[in-house]
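S.K.: Below is protein.cif; it holds mmCIF, C-alpha atoms and all ligand atoms.
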```
data_query
#
loop_
_atom_site.label_atom_id
_atom_site.label_comp_id
_atom_site.auth_asym_id
_atom_site.auth_seq_id
_atom_site.Cartn_x
_atom_site.Cartn_y
_atom_site.Cartn_z
CA MET A 1 17.42 -28.48 11.70
CA ASN A 2 13.66 -28.81 11.23
CA ILE A 3 12.42 -25.37 10.17
CA ASN A 4 9.14 -25.99 11.99
CA SER A 5 10.71 -26.40 15.41
CA LYS A 6 11.07 -24.26 18.51
CA GLU A 7 14.87 -24.37 18.19
CA TYR A 8 14.73 -22.98 14.65
CA PHE A 9 12.65 -20.01 15.85
CA ILE A 10 15.14 -19.26 18.60
CA ASP A 11 18.09 -19.43 16.18
CA GLU A 12 16.35 -17.10 13.72
CA TRP A 13 15.29 -14.61 16.36
CA LEU A 14 18.77 -14.44 17.83
CA TYR A 15 20.51 -14.34 14.43
CA TYR A 16 18.44 -11.37 13.24
CA ARG A 17 18.43 -9.90 16.76
CA LYS A 18 14.64 -9.71 16.64
CA ILE A 19 14.03 -11.32 20.03
CA ILE A 20 16.99 -11.33 22.38
CA ASN A 21 15.44 -11.26 25.85
CA GLU A 22 16.56 -14.52 27.44
CA LYS A 23 13.66 -14.78 29.88
CA LEU A 24 11.26 -14.40 26.98
CA LEU A 25 13.05 -17.04 24.90
CA SER A 26 12.96 -19.35 27.91
CA ALA A 27 9.20 -18.79 28.30
CA PHE A 28 8.79 -19.67 24.61
CA MET A 29 10.71 -22.93 25.21
CA GLN A 30 8.59 -23.74 28.31
CA ILE A 31 5.12 -23.28 26.80
CA PRO A 32 3.98 -25.96 24.31
CA ARG A 33 2.13 -24.07 21.55
CA GLU A 34 0.71 -27.43 20.46
CA ASN A 35 -1.51 -27.29 23.60
CA PHE A 36 -3.21 -24.13 22.29
CA ILE A 37 -4.03 -24.90 18.65
CA GLY A 38 -7.15 -27.06 19.05
CA ASP A 39 -7.83 -29.29 16.05
CA ASN A 40 -4.89 -28.12 13.96
CA PRO A 41 -2.22 -30.79 13.44
CA ALA A 42 0.49 -30.63 16.13
CA SER A 43 3.05 -30.44 13.29
CA ASP A 44 1.72 -26.94 12.48
CA ALA A 45 2.42 -25.62 15.99
CA TYR A 46 5.82 -24.20 15.08
CA ARG A 47 5.06 -22.71 11.71
CA ASP A 48 5.33 -18.94 11.94
CA GLN A 49 1.72 -18.28 11.09
CA PRO A 50 -1.61 -17.65 12.77
CA LEU A 51 -3.90 -20.71 12.95
CA SER A 52 -7.66 -20.90 13.11
CA ILE A 53 -9.12 -21.62 16.56
CA GLY A 54 -12.75 -21.48 15.37
CA PHE A 55 -15.38 -18.73 15.65
CA GLY A 56 -13.50 -16.78 12.96
CA GLN A 57 -10.60 -16.22 15.38
CA THR A 58 -6.92 -17.14 15.32
CA ILE A 59 -4.02 -17.86 17.61
CA SER A 60 -1.48 -15.19 16.64
CA GLN A 61 1.75 -15.87 14.78
CA PRO A 62 4.61 -16.76 17.18
CA SER A 63 6.93 -13.98 15.91
CA THR A 64 4.20 -11.39 16.40
CA VAL A 65 3.41 -12.55 19.95
CA MET A 66 7.11 -12.55 20.87
CA LEU A 67 7.69 -9.10 19.40
CA MET A 68 4.76 -7.80 21.45
CA LEU A 69 6.14 -9.37 24.61
CA GLU A 70 9.57 -7.80 23.96
CA LEU A 71 7.93 -4.41 23.60
CA LEU A 72 6.05 -4.86 26.89
CA ASN A 73 9.25 -5.15 29.03
CA LEU A 74 7.55 -7.52 31.47
CA GLU A 75 8.76 -7.88 35.07
CA ARG A 76 8.11 -10.56 37.70
CA THR A 77 6.07 -8.14 39.83
CA HIS A 78 3.64 -7.13 37.07
CA THR A 79 -0.07 -7.66 36.74
CA VAL A 80 -1.00 -7.64 33.05
CA LEU A 81 -4.35 -7.08 31.38
CA GLU A 82 -4.76 -8.74 27.98
CA ILE A 83 -7.69 -7.94 25.70
CA GLY A 84 -8.40 -10.84 23.32
CA GLY A 85 -7.44 -14.04 25.15
CA GLY A 86 -8.24 -16.35 22.20
CA SER A 87 -6.49 -19.68 22.75
CA GLY A 88 -4.74 -18.51 25.94
CA TYR A 89 -1.29 -18.92 24.34
CA SER A 90 0.03 -15.38 24.72
CA ALA A 91 -1.36 -15.27 28.27
CA ALA A 92 0.48 -18.53 28.98
CA LEU A 93 3.78 -17.07 27.74
CA MET A 94 3.25 -13.96 29.89
CA SER A 95 2.34 -16.08 32.91
CA ARG A 96 5.96 -17.32 33.00
CA LEU A 97 7.28 -13.74 33.19
CA VAL A 98 4.90 -11.85 35.48
CA LYS A 99 2.90 -12.25 38.68
CA GLU A 100 -0.57 -12.46 37.19
CA VAL A 101 -2.36 -12.16 33.84
CA VAL A 102 -6.01 -11.14 33.51
CA SER A 103 -7.15 -12.02 29.99
CA ILE A 104 -10.50 -10.85 28.66
CA GLU A 105 -12.15 -12.74 25.81
CA ILE A 106 -15.55 -11.83 24.36
CA ILE A 107 -16.45 -15.28 22.91
CA PRO A 108 -17.55 -17.61 25.75
CA GLU A 109 -16.54 -20.80 23.89
CA LEU A 110 -13.02 -19.45 23.53
CA VAL A 111 -12.84 -18.75 27.27
CA THR A 112 -13.67 -22.42 27.83
CA PHE A 113 -11.10 -23.43 25.19
CA ALA A 114 -8.40 -21.21 26.72
CA ASN A 115 -9.13 -22.46 30.25
CA LYS A 116 -8.79 -26.05 29.06
CA ASN A 117 -5.49 -25.27 27.29
CA LEU A 118 -4.12 -23.44 30.35
CA ALA A 119 -5.12 -26.25 32.72
CA GLN A 120 -3.48 -28.83 30.42
CA THR A 121 -0.32 -26.70 30.53
CA LYS A 122 -0.60 -26.47 34.36
CA ILE A 123 -0.81 -22.70 34.43
CA SER A 124 -2.55 -21.18 37.42
CA ASN A 125 -1.74 -17.44 37.33
CA VAL A 126 -3.92 -16.57 34.33
CA MET A 127 -7.50 -15.52 34.94
CA MET A 128 -9.69 -15.72 31.83
CA VAL A 129 -12.69 -13.40 31.92
CA ASN A 130 -15.66 -13.51 29.53
CA PHE A 131 -16.37 -9.86 28.91
CA ASP A 132 -16.07 -6.99 26.45
CA GLY A 133 -12.45 -5.91 26.81
CA LYS A 134 -13.19 -2.38 25.59
CA VAL A 135 -14.25 -1.50 29.14
CA GLY A 136 -11.17 -3.13 30.66
CA TYR A 137 -11.35 -4.74 34.09
CA GLU A 138 -11.88 -2.10 36.75
CA LYS A 139 -11.93 -4.64 39.59
CA LYS A 140 -8.19 -5.36 39.23
CA ALA A 141 -7.05 -1.96 37.92
CA PRO A 142 -4.60 -0.31 37.72
CA PHE A 143 -2.40 -2.62 35.63
CA ASP A 144 1.35 -2.47 35.05
CA ARG A 145 0.87 -3.53 31.44
CA ILE A 146 -2.09 -3.68 29.05
CA VAL A 147 -1.95 -5.45 25.70
CA ILE A 148 -4.63 -5.55 23.03
CA ALA A 149 -4.40 -8.61 20.77
CA ALA A 150 -6.89 -7.38 18.14
CA ALA A 151 -6.89 -4.51 15.64
CA THR A 152 -8.65 -1.39 16.84
CA LEU A 153 -9.16 1.99 15.17
CA ALA A 154 -8.56 3.68 18.50
CA VAL A 155 -7.49 2.49 21.95
CA PRO A 156 -10.61 2.43 24.16
CA GLN A 157 -10.30 5.22 26.75
CA PRO A 158 -11.02 3.07 29.85
CA LEU A 159 -7.85 1.12 29.11
CA PHE A 160 -5.69 4.24 29.36
CA HIS A 161 -7.34 5.00 32.72
CA GLN A 162 -6.72 1.47 34.00
CA LEU A 163 -2.98 1.70 33.26
CA LYS A 164 -0.60 2.60 36.10
CA VAL A 165 1.52 5.73 35.81
CA GLY A 166 4.81 4.45 34.35
CA GLY A 167 2.91 1.56 32.74
CA VAL A 168 2.96 0.42 29.12
CA LEU A 169 0.00 -0.17 26.81
CA LEU A 170 0.53 -1.95 23.50
CA ALA A 171 -2.05 -2.11 20.71
CA PRO A 172 -2.27 -2.75 16.95
CA VAL A 173 -4.04 0.43 15.84
CA GLY A 174 -5.74 0.74 12.46
CA ASP A 175 -7.38 -1.45 9.85
CA VAL A 176 -7.36 -5.25 10.33
CA HIS A 177 -5.14 -5.83 7.27
CA CYS A 178 -2.73 -3.07 8.09
CA CYS A 179 -2.45 -1.85 11.62
CA THR A 180 0.50 -0.21 13.33
CA MET A 181 1.85 -1.69 16.54
CA ARG A 182 1.80 1.26 18.93
CA LYS A 183 3.39 1.43 22.34
CA PHE A 184 2.19 3.99 24.87
CA ILE A 185 4.05 4.81 28.08
CA LYS A 186 1.91 6.62 30.63
CA HIS A 187 3.47 9.63 32.38
CA SER A 188 0.17 10.96 33.73
CA ASP A 189 -3.53 10.76 32.86
CA ASN A 190 -3.03 13.08 29.91
CA ASP A 191 0.64 12.64 29.07
CA PHE A 192 1.72 9.56 27.10
CA ASP A 193 4.87 8.81 25.11
CA GLU A 194 4.05 7.00 21.91
CA SER A 195 6.21 4.93 19.56
CA ARG A 196 5.44 2.81 16.48
CA HIS A 197 6.72 -0.69 15.81
CA GLY A 198 5.73 -1.85 12.34
CA LEU A 199 2.71 -3.03 10.40
CA PHE A 200 0.68 -6.16 11.15
CA SER A 201 -2.63 -7.94 10.40
CA PHE A 202 -4.95 -8.80 13.28
CA VAL A 203 -8.54 -9.95 13.71
CA PRO A 204 -10.69 -6.98 14.73
CA LEU A 205 -11.55 -5.82 18.23
CA VAL A 206 -15.35 -5.92 18.11
N1 LIG B 301 -3.98 -13.71 22.23
C1 LIG B 301 -4.68 -14.75 21.49
C2 LIG B 301 -5.05 -14.37 20.08
C3 LIG B 301 -6.05 -13.32 20.05
S1 LIG B 301 -7.01 -13.17 18.59
C4 LIG B 301 -3.91 -16.06 21.48
O1 LIG B 301 -2.77 -16.10 21.97
O2 LIG B 301 -4.47 -17.05 21.02
C5 LIG B 301 -8.05 -11.87 19.17
C6 LIG B 301 -9.12 -12.29 20.13
O3 LIG B 301 -9.79 -11.09 20.54
C7 LIG B 301 -10.19 -13.18 19.54
O4 LIG B 301 -10.27 -14.37 20.27
C8 LIG B 301 -11.48 -12.35 19.69
O5 LIG B 301 -12.63 -13.12 20.00
C9 LIG B 301 -11.12 -11.42 20.83
N2 LIG B 301 -11.89 -10.16 20.90
C10 LIG B 301 -12.33 -9.39 19.87
N3 LIG B 301 -12.97 -8.30 20.35
C11 LIG B 301 -12.95 -8.40 21.71
C12 LIG B 301 -13.47 -7.59 22.77
N4 LIG B 301 -14.15 -6.46 22.53
N5 LIG B 301 -13.25 -7.99 24.04
C13 LIG B 301 -12.56 -9.14 24.32
N6 LIG B 301 -12.07 -9.95 23.35
C14 LIG B 301 -12.26 -9.59 22.07
#
```
Take the structure in this file and express it as structure tokens.
M.R.:
Amino acid sequence: MNINSKEYFIDEWLYYRKIINEKLLSAFMQIPRENFIGDNPASDAYRDQPLSIGFGQTISQPSTVMLMLELLNLERTHTVLEIGGGSGYSAALMSRLVKEVVSIEIIPELVTFANKNLAQTKISNVMMVNFDGKVGYEKKAPFDRIVIAAATLAVPQPLFHQLKVGGVLLAPVGDVHCCTMRKFIKHSDNDFDESRHGLFSFVPLV
């Protein structure tokens, strides 16, 4: 089997029991990552690595995106807020699993890029917003799930406020080269459960 293929990823994830959620694996099969990698060769789409999408930014590594989506426990009824839309790829995967995704991206050219990629993939339940994600998106709050796709030293407070009670917020917290994937479950405005899910590298939340 070609080791740079979708099927190889699925086999590996199942074999090591890293990603086992069938709906999530099906979303991965449905969304062509090659539509989200810009000028990179299509043959690189299924290498397990981040790829440059210009402006110093990257589309995240498939395994990392999938691990994050596992941790989010997404449901059909959910509205999700993503901070750091980039290429639109992770939003596209989520769009197959939830009701609606609001994805905030600070670089206007990347919003255009993501919108083009999403349209080409015929996805209509992702709203890309050009904004600073640190303030969240009050207009559509509260959210069932919030995911930050960039390394941050601390989770911006407005995001905790814009999360529903019972909701999950996921963020790589720490230095860009070594941040800890942290999952927060909100019990009330000042009571959160927190768990840690390994070390990663991410571009910074600016
Ligand atoms: N989820 C993306 C990858 C994200 S990379 C994908 O699937 O392709 C992180 C992104 O966060 C970058 O595009 C960067 O421009 C964006 N970003 C950084 N700081 C931000 C901020 N304060 N608000 C919104 N987006 C931000």
S.K.: Give me the residues of chain A that have any atom at most 10 Å from an atom of ligand LIG 301 (chain B); for each, the nearest atom pair and the distance in Å, rounded to one decimal. Use all atoms listed in the file, sort by chain and number, and format it as CSV.
M.R.:
```
residue,atom,partner,partner_atom,distance
A:Arg33,CA,B:LIG301,O1,9.4
A:Phe36,CA,B:LIG301,O2,7.3
A:Ile37,CA,B:LIG301,O2,8.2
A:Pro50,CA,B:LIG301,C2,8.7
A:Leu51,CA,B:LIG301,O2,8.9
A:Ser52,CA,B:LIG301,O2,9.4
A:Ile53,CA,B:LIG301,O2,7.9
A:Gly54,CA,B:LIG301,O4,9.0
A:Phe55,CA,B:LIG301,O5,7.6
A:Gly56,CA,B:LIG301,O5,8.0
A:Gln57,CA,B:LIG301,C7,5.2
A:Thr58,CA,B:LIG301,S1,5.1
A:Ile59,CA,B:LIG301,O2,3.5
A:Ser60,CA,B:LIG301,C2,5.0
A:Gln61,CA,B:LIG301,O1,8.5
A:Pro62,CA,B:LIG301,O1,8.8
A:Val65,CA,B:LIG301,O1,7.4
A:Glu82,CA,B:LIG301,N1,7.6
A:Ile83,CA,B:LIG301,C13,5.2
A:Gly84,CA,B:LIG301,O3,3.1
A:Gly85,CA,B:LIG301,N1,4.5
A:Gly86,CA,B:LIG301,O4,3.4
A:Ser87,CA,B:LIG301,O2,3.7
A:Gly88,CA,B:LIG301,O1,5.0
A:Tyr89,CA,B:LIG301,O1,4.0
A:Ser90,CA,B:LIG301,O1,4.0
A:Ala91,CA,B:LIG301,O1,6.5
A:Ala92,CA,B:LIG301,O1,8.1
A:Leu93,CA,B:LIG301,O1,8.8
A:Ser103,CA,B:LIG301,C13,8.3
A:Ile104,CA,B:LIG301,C13,5.1
A:Glu105,CA,B:LIG301,N6,3.7
A:Ile106,CA,B:LIG301,C13,4.0
A:Ile107,CA,B:LIG301,O5,5.3
A:Pro108,CA,B:LIG301,O5,8.8
A:Glu109,CA,B:LIG301,O5,9.5
A:Leu110,CA,B:LIG301,O4,6.6
A:Val111,CA,B:LIG301,O4,8.6
A:Ala114,CA,B:LIG301,O2,8.1
A:Val129,CA,B:LIG301,C13,8.7
A:Asn130,CA,B:LIG301,C13,7.5
A:Phe131,CA,B:LIG301,C13,6.0
A:Asp132,CA,B:LIG301,N5,3.8
A:Gly133,CA,B:LIG301,N5,3.6
A:Lys134,CA,B:LIG301,N4,5.2
A:Val135,CA,B:LIG301,N4,8.3
A:Gly136,CA,B:LIG301,N5,8.5
A:Val147,CA,B:LIG301,N1,9.2
A:Ile148,CA,B:LIG301,O3,8.0
A:Ala149,CA,B:LIG301,C3,5.0
A:Ala150,CA,B:LIG301,C5,4.8
A:Ala151,CA,B:LIG301,C5,8.2
A:Thr152,CA,B:LIG301,N3,8.9
A:Pro156,CA,B:LIG301,N4,9.7
A:Phe202,CA,B:LIG301,S1,7.2
A:Val203,CA,B:LIG301,C5,5.8
A:Pro204,CA,B:LIG301,C10,5.9
A:Leu205,CA,B:LIG301,N3,3.6
A:Val206,CA,B:LIG301,N3,4.0
```
S.K.: Taking 6 positions as the minimum chain separation for residues in the same chain, which residues sit within 8 Å of A:Lys183 when counting only C-alpha atoms? Answer as a list of chain:residue names.
M.R.: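 Neighbouring residues, sequence-local ones excluded: A:Leu71, A:Val168, A:Leu169, A:Leu170, A:Ala171, A:Glu194, A:Ser195, A:Arg196, A:His197.
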S.K.: Please return the centre and edge lengths, in Å to one decimal, of a box with edges along x, y and z that contains all listed atoms of stretch 59-70 of chain A, widened by 6 Å on every side, as AutoDock Vina command-line options.
M.R.:
```
--center_x 2.8 --center_y -12.8 --center_z 19.7 --size_x 25.6 --size_y 22.1 --size_z 21.8
```
S.K.: Between atom CA of A:Leu199 and atom CA of A:Leu118, what is the spacing in Å?
M.R.: 29.3 Å
S.K.: Give the answer as one residue: which of A:Met94, A:Met128, A:Met1, A:Leu163 has the shortest atom-to-atom distance to A:Ile146, using only C-alpha atoms?
M.R.: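 Among the listed residues, A:Leu163 lies closest to A:Ile146.
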